[in-house]
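Printed here is upload.cif (mmCIF, C-alpha atoms and all ligand atoms):
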data_structure
#
loop_
_atom_site.group_PDB
_atom_site.id
_atom_site.type_symbol
_atom_site.label_atom_id
_atom_site.label_comp_id
_atom_site.auth_asym_id
_atom_site.auth_seq_id
_atom_site.Cartn_x
_atom_site.Cartn_y
_atom_site.Cartn_z
ATOM 1 C CA MET A 24 -5.268 -23.283 10.010
ATOM 2 C CA PRO A 25 -5.824 -24.698 6.510
ATOM 3 C CA VAL A 26 -2.872 -26.469 4.900
ATOM 4 C CA ARG A 27 -0.724 -24.616 2.399
ATOM 5 C CA ALA A 28 -2.470 -25.912 -0.758
ATOM 6 C CA GLU A 29 -5.848 -24.813 0.612
ATOM 7 C CA ILE A 30 -4.502 -21.352 1.407
ATOM 8 C CA GLN A 31 -3.050 -21.058 -2.068
ATOM 9 C CA HIS A 32 -6.337 -22.125 -3.611
ATOM 10 C CA ALA A 33 -8.245 -19.667 -1.411
ATOM 11 C CA LEU A 34 -5.992 -16.713 -2.283
ATOM 12 C CA ILE A 35 -6.207 -17.428 -5.999
ATOM 13 C CA ASP A 36 -9.977 -17.702 -5.652
ATOM 14 C CA LEU A 37 -10.079 -14.390 -3.747
ATOM 15 C CA TYR A 38 -8.081 -12.615 -6.422
ATOM 16 C CA GLU A 39 -10.133 -14.052 -9.270
ATOM 17 C CA SER A 40 -13.440 -13.346 -7.535
ATOM 18 C CA LEU A 41 -12.501 -9.730 -6.872
ATOM 19 C CA PHE A 42 -11.094 -9.139 -10.324
ATOM 20 C CA ALA A 43 -14.190 -10.690 -11.935
ATOM 21 C CA ARG A 44 -16.454 -8.378 -9.933
ATOM 22 C CA PHE A 45 -14.479 -5.139 -9.792
ATOM 23 C CA GLY A 46 -12.091 -5.315 -12.769
ATOM 24 C CA PRO A 47 -8.739 -3.504 -12.966
ATOM 25 C CA GLN A 48 -8.312 -0.731 -10.386
ATOM 26 C CA HIS A 49 -5.622 1.349 -12.158
ATOM 27 C CA TRP A 50 -3.617 2.072 -9.015
ATOM 28 C CA TRP A 51 -1.797 4.017 -7.707
ATOM 29 C CA PRO A 52 -3.605 7.336 -8.216
ATOM 30 C CA GLY A 53 -0.558 9.544 -8.846
ATOM 31 C CA ASP A 54 1.064 11.235 -11.839
ATOM 32 C CA SER A 55 4.696 10.291 -11.151
ATOM 33 C CA PRO A 56 6.769 7.921 -8.995
ATOM 34 C CA THR A 57 7.665 10.860 -6.751
ATOM 35 C CA GLU A 58 4.026 11.816 -6.259
ATOM 36 C CA ILE A 59 3.171 8.167 -5.491
ATOM 37 C CA ALA A 60 5.938 7.930 -2.892
ATOM 38 C CA ILE A 61 4.870 11.208 -1.277
ATOM 39 C CA GLY A 62 1.280 9.936 -1.224
ATOM 40 C CA ALA A 63 2.434 6.691 0.414
ATOM 41 C CA VAL A 64 3.862 8.680 3.338
ATOM 42 C CA LEU A 65 0.927 11.070 3.561
ATOM 43 C CA THR A 66 -1.656 8.269 3.626
ATOM 44 C CA GLN A 67 -0.367 6.866 6.922
ATOM 45 C CA ASN A 68 -3.275 6.971 9.412
ATOM 46 C CA THR A 69 -5.582 9.037 7.234
ATOM 47 C CA SER A 70 -8.073 8.717 4.413
ATOM 48 C CA TRP A 71 -7.122 9.156 0.783
ATOM 49 C CA SER A 72 -9.412 12.164 0.409
ATOM 50 C CA ASN A 73 -7.241 14.018 2.941
ATOM 51 C CA VAL A 74 -4.115 12.962 1.077
ATOM 52 C CA GLU A 75 -5.559 14.354 -2.140
ATOM 53 C CA LYS A 76 -5.992 17.760 -0.508
ATOM 54 C CA ALA A 77 -2.412 17.739 0.769
ATOM 55 C CA ILE A 78 -1.107 16.700 -2.657
ATOM 56 C CA ALA A 79 -3.154 19.437 -4.334
ATOM 57 C CA ASN A 80 -1.539 21.923 -1.942
ATOM 58 C CA LEU A 81 1.928 20.594 -2.776
ATOM 59 C CA ARG A 82 1.164 20.832 -6.485
ATOM 60 C CA ALA A 83 -0.053 24.400 -6.093
ATOM 61 C CA GLN A 84 3.288 25.235 -4.431
ATOM 62 C CA ASP A 85 5.284 23.411 -7.135
ATOM 63 C CA ALA A 86 6.566 21.161 -4.367
ATOM 64 C CA LEU A 87 5.773 17.700 -5.715
ATOM 65 C CA ASP A 88 9.405 16.769 -6.073
ATOM 66 C CA PHE A 89 12.085 15.941 -3.572
ATOM 67 C CA ASP A 90 14.350 18.927 -4.312
ATOM 68 C CA ALA A 91 11.472 21.335 -3.815
ATOM 69 C CA LEU A 92 10.421 19.579 -0.598
ATOM 70 C CA LEU A 93 13.882 19.949 0.847
ATOM 71 C CA LYS A 94 13.916 23.674 0.124
ATOM 72 C CA LEU A 95 10.801 24.235 2.232
ATOM 73 C CA GLY A 96 11.141 25.032 5.929
ATOM 74 C CA ASP A 97 9.773 22.362 8.276
ATOM 75 C CA GLY A 98 6.892 24.572 9.403
ATOM 76 C CA GLU A 99 6.163 25.642 5.849
ATOM 77 C CA LEU A 100 5.950 22.051 4.600
ATOM 78 C CA ALA A 101 3.852 21.018 7.600
ATOM 79 C CA GLU A 102 1.378 23.790 6.832
ATOM 80 C CA ILE A 103 1.104 22.750 3.181
ATOM 81 C CA ILE A 104 0.350 19.118 4.058
ATOM 82 C CA ARG A 105 -1.864 19.953 7.037
ATOM 83 C CA PRO A 106 -5.008 18.299 5.499
ATOM 84 C CA ALA A 107 -3.253 14.891 5.698
ATOM 85 C CA GLY A 108 -3.116 15.045 9.513
ATOM 86 C CA TYR A 109 -0.063 14.400 11.740
ATOM 87 C CA TYR A 110 1.440 17.090 9.553
ATOM 88 C CA ASN A 111 4.481 17.925 11.694
ATOM 89 C CA THR A 112 5.505 14.272 11.836
ATOM 90 C CA LYS A 113 4.748 13.648 8.167
ATOM 91 C CA SER A 114 6.670 16.754 7.192
ATOM 92 C CA ARG A 115 9.745 15.270 8.875
ATOM 93 C CA TYR A 116 9.127 11.867 7.301
ATOM 94 C CA LEU A 117 8.852 13.392 3.829
ATOM 95 C CA LYS A 118 12.157 15.148 4.344
ATOM 96 C CA HIS A 119 13.789 11.919 5.538
ATOM 97 C CA LEU A 120 12.527 10.214 2.388
ATOM 98 C CA ALA A 121 13.678 13.091 0.181
ATOM 99 C CA ASN A 122 17.136 13.059 1.780
ATOM 100 C CA PHE A 123 17.339 9.298 1.260
ATOM 101 C CA VAL A 124 16.410 9.580 -2.420
ATOM 102 C CA LYS A 125 19.066 12.274 -2.861
ATOM 103 C CA THR A 126 21.691 9.784 -1.643
ATOM 104 C CA LEU A 127 20.862 7.378 -4.505
ATOM 105 C CA PRO A 128 23.228 7.361 -7.508
ATOM 106 C CA THR A 129 21.129 9.633 -9.729
ATOM 107 C CA GLY A 130 19.039 11.092 -6.918
ATOM 108 C CA ARG A 131 15.843 9.483 -8.228
ATOM 109 C CA LEU A 132 13.536 6.743 -6.981
ATOM 110 C CA ASP A 133 14.215 4.871 -10.222
ATOM 111 C CA ASP A 134 17.617 3.982 -8.793
ATOM 112 C CA LEU A 135 15.894 1.531 -6.461
ATOM 113 C CA LYS A 136 14.815 -0.524 -9.478
ATOM 114 C CA ARG A 137 18.431 -1.351 -10.184
ATOM 115 C CA LEU A 138 18.773 -2.967 -6.775
ATOM 116 C CA ASP A 139 17.748 -6.407 -5.669
ATOM 117 C CA LEU A 140 14.211 -6.104 -4.247
ATOM 118 C CA ALA A 141 15.231 -7.228 -0.748
ATOM 119 C CA ASP A 142 18.090 -4.706 -0.715
ATOM 120 C CA ALA A 143 15.872 -1.866 -1.940
ATOM 121 C CA ARG A 144 13.297 -2.742 0.728
ATOM 122 C CA ARG A 145 15.910 -2.936 3.462
ATOM 123 C CA ARG A 146 17.249 0.505 2.517
ATOM 124 C CA LEU A 147 13.798 2.061 2.488
ATOM 125 C CA LEU A 148 12.946 0.518 5.848
ATOM 126 C CA ALA A 149 16.035 2.155 7.310
ATOM 127 C CA VAL A 150 14.522 5.585 6.576
ATOM 128 C CA LYS A 151 12.820 7.031 9.652
ATOM 129 C CA GLY A 152 9.055 7.088 9.133
ATOM 130 C CA ILE A 153 9.038 4.417 6.425
ATOM 131 C CA GLY A 154 7.444 1.253 7.811
ATOM 132 C CA PRO A 155 6.750 -1.967 5.914
ATOM 133 C CA GLU A 156 3.428 -0.860 4.395
ATOM 134 C CA THR A 157 4.854 2.440 3.171
ATOM 135 C CA ALA A 158 8.043 0.808 1.867
ATOM 136 C CA ASP A 159 6.105 -1.850 -0.017
ATOM 137 C CA SER A 160 3.702 0.750 -1.422
ATOM 138 C CA ILE A 161 6.636 2.777 -2.752
ATOM 139 C CA LEU A 162 8.381 -0.280 -4.194
ATOM 140 C CA LEU A 163 5.244 -1.701 -5.800
ATOM 141 C CA TYR A 164 3.467 1.406 -7.040
ATOM 142 C CA ALA A 165 6.302 3.899 -7.601
ATOM 143 C CA CYS A 166 9.051 1.466 -8.632
ATOM 144 C CA ASP A 167 7.038 -1.358 -10.268
ATOM 145 C CA MET A 168 8.742 -3.990 -8.133
ATOM 146 C CA PRO A 169 6.883 -7.238 -7.233
ATOM 147 C CA THR A 170 6.285 -6.852 -3.509
ATOM 148 C CA PHE A 171 2.885 -7.323 -1.867
ATOM 149 C CA VAL A 172 1.431 -4.558 0.310
ATOM 150 C CA VAL A 173 -0.273 -5.712 3.508
ATOM 151 C CA ASP A 174 -2.655 -3.370 5.261
ATOM 152 C CA ALA A 175 -5.387 -3.530 7.894
ATOM 153 C CA TYR A 176 -7.887 -4.465 5.188
ATOM 154 C CA THR A 177 -5.796 -7.460 4.099
ATOM 155 C CA ARG A 178 -5.589 -8.626 7.688
ATOM 156 C CA ARG A 179 -9.342 -8.205 8.144
ATOM 157 C CA VAL A 180 -10.343 -10.212 5.068
ATOM 158 C CA LEU A 181 -7.836 -13.017 5.557
ATOM 159 C CA SER A 182 -8.597 -13.427 9.253
ATOM 160 C CA ARG A 183 -12.379 -13.424 8.699
ATOM 161 C CA HIS A 184 -11.801 -16.271 6.254
ATOM 162 C CA GLY A 185 -9.538 -18.203 8.644
ATOM 163 C CA LEU A 186 -6.409 -17.899 6.470
ATOM 164 C CA ILE A 187 -4.289 -16.144 9.101
ATOM 165 C CA GLU A 188 -4.133 -16.055 12.862
ATOM 166 C CA ALA A 189 -5.169 -12.768 14.454
ATOM 167 C CA SER A 190 -1.610 -12.423 15.738
ATOM 168 C CA ALA A 191 0.057 -12.885 12.318
ATOM 169 C CA SER A 192 2.797 -10.349 11.664
ATOM 170 C CA TYR A 193 3.064 -8.091 8.620
ATOM 171 C CA ASP A 194 5.851 -10.232 7.217
ATOM 172 C CA ASP A 195 3.948 -13.489 7.870
ATOM 173 C CA ILE A 196 0.968 -12.225 5.852
ATOM 174 C CA LYS A 197 3.164 -10.837 3.092
ATOM 175 C CA ARG A 198 5.033 -14.137 2.782
ATOM 176 C CA LEU A 199 1.786 -16.123 2.758
ATOM 177 C CA VAL A 200 0.443 -14.155 -0.206
ATOM 178 C CA GLU A 201 3.721 -13.957 -2.091
ATOM 179 C CA ASP A 202 4.350 -17.700 -1.735
ATOM 180 C CA ALA A 203 0.834 -18.516 -2.926
ATOM 181 C CA LEU A 204 0.759 -16.368 -6.048
ATOM 182 C CA PRO A 205 3.057 -15.732 -9.007
ATOM 183 C CA ARG A 206 5.501 -12.926 -8.137
ATOM 184 C CA GLU A 207 4.167 -10.457 -10.664
ATOM 185 C CA THR A 208 4.054 -6.714 -10.195
ATOM 186 C CA LEU A 209 0.744 -6.263 -11.971
ATOM 187 C CA LEU A 210 -0.920 -9.034 -9.990
ATOM 188 C CA PHE A 211 0.280 -7.621 -6.637
ATOM 189 C CA ASN A 212 -0.697 -4.142 -7.797
ATOM 190 C CA GLU A 213 -4.250 -5.233 -8.569
ATOM 191 C CA PHE A 214 -4.639 -7.563 -5.598
ATOM 192 C CA HIS A 215 -3.934 -4.918 -2.981
ATOM 193 C CA ALA A 216 -6.144 -2.376 -4.753
ATOM 194 C CA LEU A 217 -8.952 -4.952 -5.090
ATOM 195 C CA ILE A 218 -8.781 -5.802 -1.375
ATOM 196 C CA VAL A 219 -9.116 -2.092 -0.557
ATOM 197 C CA LYS A 220 -12.141 -1.911 -2.855
ATOM 198 C CA LEU A 221 -13.637 -5.035 -1.220
ATOM 199 C CA CYS A 222 -13.256 -3.560 2.244
ATOM 200 C CA LYS A 223 -14.748 -0.229 1.276
ATOM 201 C CA GLU A 224 -17.771 -1.856 -0.333
ATOM 202 C CA HIS A 225 -18.384 -5.001 1.734
ATOM 203 C CA CYS A 226 -15.801 -6.092 4.277
ATOM 204 C CA ARG A 227 -16.275 -3.066 6.508
ATOM 205 C CA THR A 228 -15.920 -2.942 10.270
ATOM 206 C CA THR A 229 -19.337 -4.556 10.240
ATOM 207 C CA ALA A 230 -19.171 -6.972 7.321
ATOM 208 C CA GLN A 231 -21.752 -6.692 4.566
ATOM 209 C CA CYS A 232 -21.463 -10.267 3.317
ATOM 210 C CA ALA A 233 -24.641 -10.308 1.241
ATOM 211 C CA ARG A 234 -23.646 -10.061 -2.420
ATOM 212 C CA CYS A 235 -19.947 -9.790 -1.491
ATOM 213 C CA PRO A 236 -17.802 -11.271 -4.284
ATOM 214 C CA TRP A 237 -16.191 -13.685 -1.800
ATOM 215 C CA GLU A 238 -19.378 -14.667 -0.019
ATOM 216 C CA HIS A 239 -19.055 -18.228 -1.380
ATOM 217 C CA HIS A 240 -15.841 -18.827 0.624
ATOM 218 C CA PRO A 241 -16.285 -20.013 4.263
ATOM 219 C CA HIS A 242 -15.997 -17.090 6.650
ATOM 220 C CA ASP A 243 -16.762 -15.823 10.102
ATOM 221 C CA ALA A 244 -17.413 -12.093 10.031
ATOM 222 C CA SER A 245 -18.566 -11.747 13.603
ATOM 223 C CA PRO A 246 -16.963 -8.679 15.195
HETATM 224 S S1 LIG B 301 -17.791 -9.099 3.586
HETATM 225 FE FE1 LIG B 301 -18.067 -11.144 4.396
HETATM 226 S S2 LIG B 301 -17.879 -12.514 2.644
HETATM 227 FE FE2 LIG B 301 -17.024 -10.537 2.037
HETATM 228 S S3 LIG B 301 -14.836 -10.694 2.438
HETATM 229 FE FE3 LIG B 301 -15.767 -9.820 4.272
HETATM 230 S S4 LIG B 301 -16.220 -11.560 5.611
HETATM 231 FE FE4 LIG B 301 -15.837 -12.334 3.547
#

For the file at hand, write its structure as C-alpha cells.
Amino acid sequence: MPVRAEIQHALIDLYESLFARFGPQHWWPGDSPTEIAIGAVLTQNTSWSNVEKAIANLRAQDALDFDALLKLGDGELAEIIRPAGYYNTKSRYLKHLANFVKTLPTGRLDDLKRLDLADARRRLLAVKGIGPETADSILLYACDMPTFVVDAYTRRVLSRHGLIEASASYDDIKRLVEDALPRETLLFNEFHALIVKLCKEHCRTTAQCARCPWEHHPHDASP
C-alpha cells in the first residue's frame, strides 16, 4: 500500500482530474430533501432510471412526503414504488425512515443538521433498512453535511489504482478519503458524483482506460 502522503496526493489528483474533465455534476437529482432521502432508499440495488419511475409514481400520488407515505397501506406503497424493485422491502424501509423523521423535534430531516454529524449518522444507521451508503447519501445530499459516500464504484476505482485493499471496509474507505481531503460538503458532493460518472463512462466492469481522465495514474484494471 502507498504511504499516507501518496494516497492523499492520489485522491486530490483523482478529484482534480475528474472535475477538469467532467465539471460540476449538480447532484443529487431531487427537488427537496425529502425526495432526495426517498431516492436514497429506492436506489438500493437498482439503477437510477428505475428510481425515477418510482419517484414519478409517488409524485403522481402526491406521496413525496413522509406524512403522505405513512398514510399509505404497505401494499399500496409497494405497488407505487414497484419500478424500483424489491418493492415490498423498500416500502417497509421508507416507512421506517418516515417514522424516524417524525420522531425528530420538528418532524423534518432538517432537524438532523442541528446535530453533530456523528450523532446524526448514528441515529440514521439505527433505522432498519438504512445502511452506511444510504445514511451518508441522506446526510450529504439531503442535509448538506460533510460526509463522504462510498459505493461499489468508489471501491472499484480505488482498488484498481492500488489505494485500498480489496477487503477494505466501508468505514476504512470513507476514512481514507475524508482524512485526505478538506471536509467540505460541496467537495464530497462533487467527488462522489464524479466517481459515478467516471465508472459509467470508463471504469466499467471491463475498464475502458483509453482516454479515461485518470489514465495517467498507475493502475491495474485486469478483472
Ligand atoms: S478506467 Fe482505467 S484508468 Fe480509468 S479509473 Fe478505471 S482503471 Fe483507472

Inset, instruction - Within 7 Å of ligand LIG 301 (chain B), which residues show up when you count only C-alpha atoms and all ligand atoms? List them as a VMD selection string, please. - result: chain A and resid 180 183 to 184 221 225 to 227 230 to 232 235 to 238 240 242 to 244

Enumerate, as a short mmCIF file (atom, residue, chain, number, x, y, z; two decimals) with C-alpha atoms, in the frame of the given file, the protein, DNA and RNA residues whose atoms approach (13.5, 3.6, -1.4) to within 8 Å, taking into account only C-alpha atoms and the coordinate frame of the file.
data_model
loop_
_atom_site.label_atom_id
_atom_site.label_comp_id
_atom_site.auth_asym_id
_atom_site.auth_seq_id
_atom_site.Cartn_x
_atom_site.Cartn_y
_atom_site.Cartn_z
CA LEU A 120 12.53 10.21 2.39
CA PHE A 123 17.34 9.30 1.26
CA VAL A 124 16.41 9.58 -2.42
CA LEU A 132 13.54 6.74 -6.98
CA LEU A 135 15.89 1.53 -6.46
CA ALA A 143 15.87 -1.87 -1.94
CA ARG A 144 13.30 -2.74 0.73
CA ARG A 146 17.25 0.50 2.52
CA LEU A 147 13.80 2.06 2.49
CA LEU A 148 12.95 0.52 5.85
CA ALA A 158 8.04 0.81 1.87
CA ILE A 161 6.64 2.78 -2.75
CA LEU A 162 8.38 -0.28 -4.19
#

At a cut-off of 10 Å, using only C-alpha atoms, what residues contact Ile104 of chain A? Leave out same-chain residues fewer than 3 positions from it and give the result as a PDB file with C-alpha atoms, keeping the file's coordinate frame.
ATOM      1  CA  LEU A  65       0.927  11.070   3.561  1.00  0.00           C
ATOM      2  CA  ASN A  73      -7.241  14.018   2.941  1.00  0.00           C
ATOM      3  CA  VAL A  74      -4.115  12.962   1.077  1.00  0.00           C
ATOM      4  CA  GLU A  75      -5.559  14.354  -2.140  1.00  0.00           C
ATOM      5  CA  LYS A  76      -5.992  17.760  -0.508  1.00  0.00           C
ATOM      6  CA  ALA A  77      -2.412  17.739   0.769  1.00  0.00           C
ATOM      7  CA  ILE A  78      -1.107  16.700  -2.657  1.00  0.00           C
ATOM      8  CA  ALA A  79      -3.154  19.437  -4.334  1.00  0.00           C
ATOM      9  CA  ASN A  80      -1.539  21.923  -1.942  1.00  0.00           C
ATOM     10  CA  LEU A  81       1.928  20.594  -2.776  1.00  0.00           C
ATOM     11  CA  GLU A  99       6.163  25.642   5.849  1.00  0.00           C
ATOM     12  CA  LEU A 100       5.950  22.051   4.600  1.00  0.00           C
ATOM     13  CA  ALA A 101       3.852  21.018   7.600  1.00  0.00           C
ATOM     14  CA  ALA A 107      -3.253  14.891   5.698  1.00  0.00           C
ATOM     15  CA  GLY A 108      -3.116  15.045   9.513  1.00  0.00           C
ATOM     16  CA  TYR A 109      -0.063  14.400  11.740  1.00  0.00           C
ATOM     17  CA  TYR A 110       1.440  17.090   9.553  1.00  0.00           C
ATOM     18  CA  ASN A 111       4.481  17.925  11.694  1.00  0.00           C
ATOM     19  CA  LYS A 113       4.748  13.648   8.167  1.00  0.00           C
ATOM     20  CA  SER A 114       6.670  16.754   7.192  1.00  0.00           C
TER      21      SER A 114
END

Legend entry - Near-Glu39 of chain A list (12 Å; all atoms listed in the file; drop same-chain fewer than 4 positions) as an MDAnalysis selection string: chainID A and resid 32:35 43:47 204 210 213:214 217:218 236:237

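Nearest to Pro241 of chain A of all the residues A:Cys222, A:Leu127, A:Leu186, A:Leu87 is A:Leu186, counting only C-alpha atoms.
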
Which residues come within 12 Å of Arg206 of chain A, counting all atoms listed in the file, excluding same-chain residues fewer than 2 positions away, as a short mmCIF file (atom, residue, chain, number, x, y, z; two decimals) with C-alpha atoms, in the coordinates of the input?
data_model
loop_
_atom_site.label_atom_id
_atom_site.label_comp_id
_atom_site.auth_asym_id
_atom_site.auth_seq_id
_atom_site.Cartn_x
_atom_site.Cartn_y
_atom_site.Cartn_z
CA LEU A 140 14.21 -6.10 -4.25
CA LEU A 163 5.24 -1.70 -5.80
CA ASP A 167 7.04 -1.36 -10.27
CA MET A 168 8.74 -3.99 -8.13
CA PRO A 169 6.88 -7.24 -7.23
CA THR A 170 6.28 -6.85 -3.51
CA PHE A 171 2.88 -7.32 -1.87
CA LYS A 197 3.16 -10.84 3.09
CA ARG A 198 5.03 -14.14 2.78
CA LEU A 199 1.79 -16.12 2.76
CA VAL A 200 0.44 -14.16 -0.21
CA GLU A 201 3.72 -13.96 -2.09
CA ASP A 202 4.35 -17.70 -1.74
CA ALA A 203 0.83 -18.52 -2.93
CA LEU A 204 0.76 -16.37 -6.05
CA THR A 208 4.05 -6.71 -10.20
CA LEU A 209 0.74 -6.26 -11.97
CA LEU A 210 -0.92 -9.03 -9.99
CA PHE A 211 0.28 -7.62 -6.64
CA ASN A 212 -0.70 -4.14 -7.80
CA PHE A 214 -4.64 -7.56 -5.60
#

Can you tell me, as AutoDock Vina command-line options, the centre and edge lengths (Å, one decimal) of the axis-aligned box enclosing all of segment 134-147 of chain A's listed atoms after padding each side by 3 Å?
--center_x 16.0 --center_y -1.6 --center_z -3.4 --size_x 11.5 --size_y 17.2 --size_z 19.6

Kindly output segment 98-107 of chain A as a PDB file, in the frame of the given file, after building all heavy atoms.
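Wrote it out as part32.pdb, contents follow:
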ATOM      1  N   GLY A  98       8.221  24.038   9.096  1.00  0.00           N
ATOM      2  CA  GLY A  98       6.892  24.572   9.403  1.00  0.00           C
ATOM      3  C   GLY A  98       6.098  24.838   8.137  1.00  0.00           C
ATOM      4  O   GLY A  98       4.883  24.613   8.086  1.00  0.00           O
ATOM      5  N   GLU A  99       6.814  25.320   7.125  1.00  0.00           N
ATOM      6  CA  GLU A  99       6.163  25.642   5.849  1.00  0.00           C
ATOM      7  C   GLU A  99       5.586  24.371   5.214  1.00  0.00           C
ATOM      8  O   GLU A  99       4.438  24.335   4.767  1.00  0.00           O
ATOM      9  CB  GLU A  99       7.246  26.239   4.936  1.00  0.00           C
ATOM     10  CG  GLU A  99       6.757  27.110   3.832  1.00  0.00           C
ATOM     11  CD  GLU A  99       7.939  27.651   3.008  1.00  0.00           C
ATOM     12  OE1 GLU A  99       9.125  27.420   3.373  1.00  0.00           O
ATOM     13  OE2 GLU A  99       7.663  28.271   1.995  1.00  0.00           O
ATOM     14  N   LEU A 100       6.412  23.313   5.186  1.00  0.00           N
ATOM     15  CA  LEU A 100       5.950  22.051   4.600  1.00  0.00           C
ATOM     16  C   LEU A 100       4.791  21.478   5.426  1.00  0.00           C
ATOM     17  O   LEU A 100       3.786  21.011   4.871  1.00  0.00           O
ATOM     18  CB  LEU A 100       7.107  21.044   4.544  1.00  0.00           C
ATOM     19  CG  LEU A 100       6.762  19.648   4.024  1.00  0.00           C
ATOM     20  CD1 LEU A 100       6.095  19.708   2.647  1.00  0.00           C
ATOM     21  CD2 LEU A 100       8.021  18.764   3.962  1.00  0.00           C
ATOM     22  N   ALA A 101       4.920  21.542   6.741  1.00  0.00           N
ATOM     23  CA  ALA A 101       3.852  21.018   7.600  1.00  0.00           C
ATOM     24  C   ALA A 101       2.530  21.723   7.305  1.00  0.00           C
ATOM     25  O   ALA A 101       1.471  21.097   7.248  1.00  0.00           O
ATOM     26  CB  ALA A 101       4.238  21.183   9.071  1.00  0.00           C
ATOM     27  N   GLU A 102       2.609  23.023   7.110  1.00  0.00           N
ATOM     28  CA  GLU A 102       1.378  23.790   6.832  1.00  0.00           C
ATOM     29  C   GLU A 102       0.765  23.368   5.498  1.00  0.00           C
ATOM     30  O   GLU A 102      -0.457  23.215   5.388  1.00  0.00           O
ATOM     31  CB  GLU A 102       1.736  25.295   6.834  1.00  0.00           C
ATOM     32  CG  GLU A 102       0.562  26.215   7.048  1.00  0.00           C
ATOM     33  CD  GLU A 102      -0.295  25.830   8.258  1.00  0.00           C
ATOM     34  OE1 GLU A 102       0.246  25.552   9.354  1.00  0.00           O
ATOM     35  OE2 GLU A 102      -1.519  25.765   8.068  1.00  0.00           O
ATOM     36  N   ILE A 103       1.607  23.136   4.508  1.00  0.00           N
ATOM     37  CA  ILE A 103       1.104  22.750   3.181  1.00  0.00           C
ATOM     38  C   ILE A 103       0.391  21.398   3.238  1.00  0.00           C
ATOM     39  O   ILE A 103      -0.637  21.189   2.596  1.00  0.00           O
ATOM     40  CB  ILE A 103       2.274  22.700   2.161  1.00  0.00           C
ATOM     41  CG1 ILE A 103       2.809  24.115   1.928  1.00  0.00           C
ATOM     42  CG2 ILE A 103       1.838  22.077   0.843  1.00  0.00           C
ATOM     43  CD1 ILE A 103       4.116  24.148   1.125  1.00  0.00           C
ATOM     44  N   ILE A 104       0.938  20.473   4.030  1.00  0.00           N
ATOM     45  CA  ILE A 104       0.350  19.118   4.058  1.00  0.00           C
ATOM     46  C   ILE A 104      -0.630  18.939   5.225  1.00  0.00           C
ATOM     47  O   ILE A 104      -1.056  17.820   5.511  1.00  0.00           O
ATOM     48  CB  ILE A 104       1.447  18.027   4.116  1.00  0.00           C
ATOM     49  CG1 ILE A 104       2.257  18.129   5.408  1.00  0.00           C
ATOM     50  CG2 ILE A 104       2.334  18.068   2.889  1.00  0.00           C
ATOM     51  CD1 ILE A 104       3.108  16.890   5.690  1.00  0.00           C
ATOM     52  N   ARG A 105      -0.989  20.017   5.861  1.00  0.00           N
ATOM     53  CA  ARG A 105      -1.864  19.953   7.037  1.00  0.00           C
ATOM     54  C   ARG A 105      -3.104  19.069   6.832  1.00  0.00           C
ATOM     55  O   ARG A 105      -3.479  18.306   7.718  1.00  0.00           O
ATOM     56  CB  ARG A 105      -2.290  21.376   7.424  1.00  0.00           C
ATOM     57  CG  ARG A 105      -3.204  21.444   8.623  1.00  0.00           C
ATOM     58  CD  ARG A 105      -3.670  22.886   8.851  1.00  0.00           C
ATOM     59  NE  ARG A 105      -2.741  23.640   9.652  1.00  0.00           N
ATOM     60  CZ  ARG A 105      -2.826  23.789  10.984  1.00  0.00           C
ATOM     61  NH1 ARG A 105      -3.808  23.213  11.633  1.00  0.00           N
ATOM     62  NH2 ARG A 105      -1.952  24.490  11.639  1.00  0.00           N
ATOM     63  N   PRO A 106      -3.791  19.122   5.646  1.00  0.00           N
ATOM     64  CA  PRO A 106      -5.008  18.299   5.499  1.00  0.00           C
ATOM     65  C   PRO A 106      -4.766  16.808   5.714  1.00  0.00           C
ATOM     66  O   PRO A 106      -5.705  16.070   6.011  1.00  0.00           O
ATOM     67  CB  PRO A 106      -5.448  18.562   4.055  1.00  0.00           C
ATOM     68  CG  PRO A 106      -4.818  19.864   3.682  1.00  0.00           C
ATOM     69  CD  PRO A 106      -3.530  19.929   4.439  1.00  0.00           C
ATOM     70  N   ALA A 107      -3.524  16.335   5.558  1.00  0.00           N
ATOM     71  CA  ALA A 107      -3.253  14.891   5.698  1.00  0.00           C
ATOM     72  C   ALA A 107      -3.161  14.453   7.164  1.00  0.00           C
ATOM     73  O   ALA A 107      -3.068  13.255   7.441  1.00  0.00           O
ATOM     74  CB  ALA A 107      -1.968  14.520   4.966  1.00  0.00           C
TER      75      ALA A 107
END
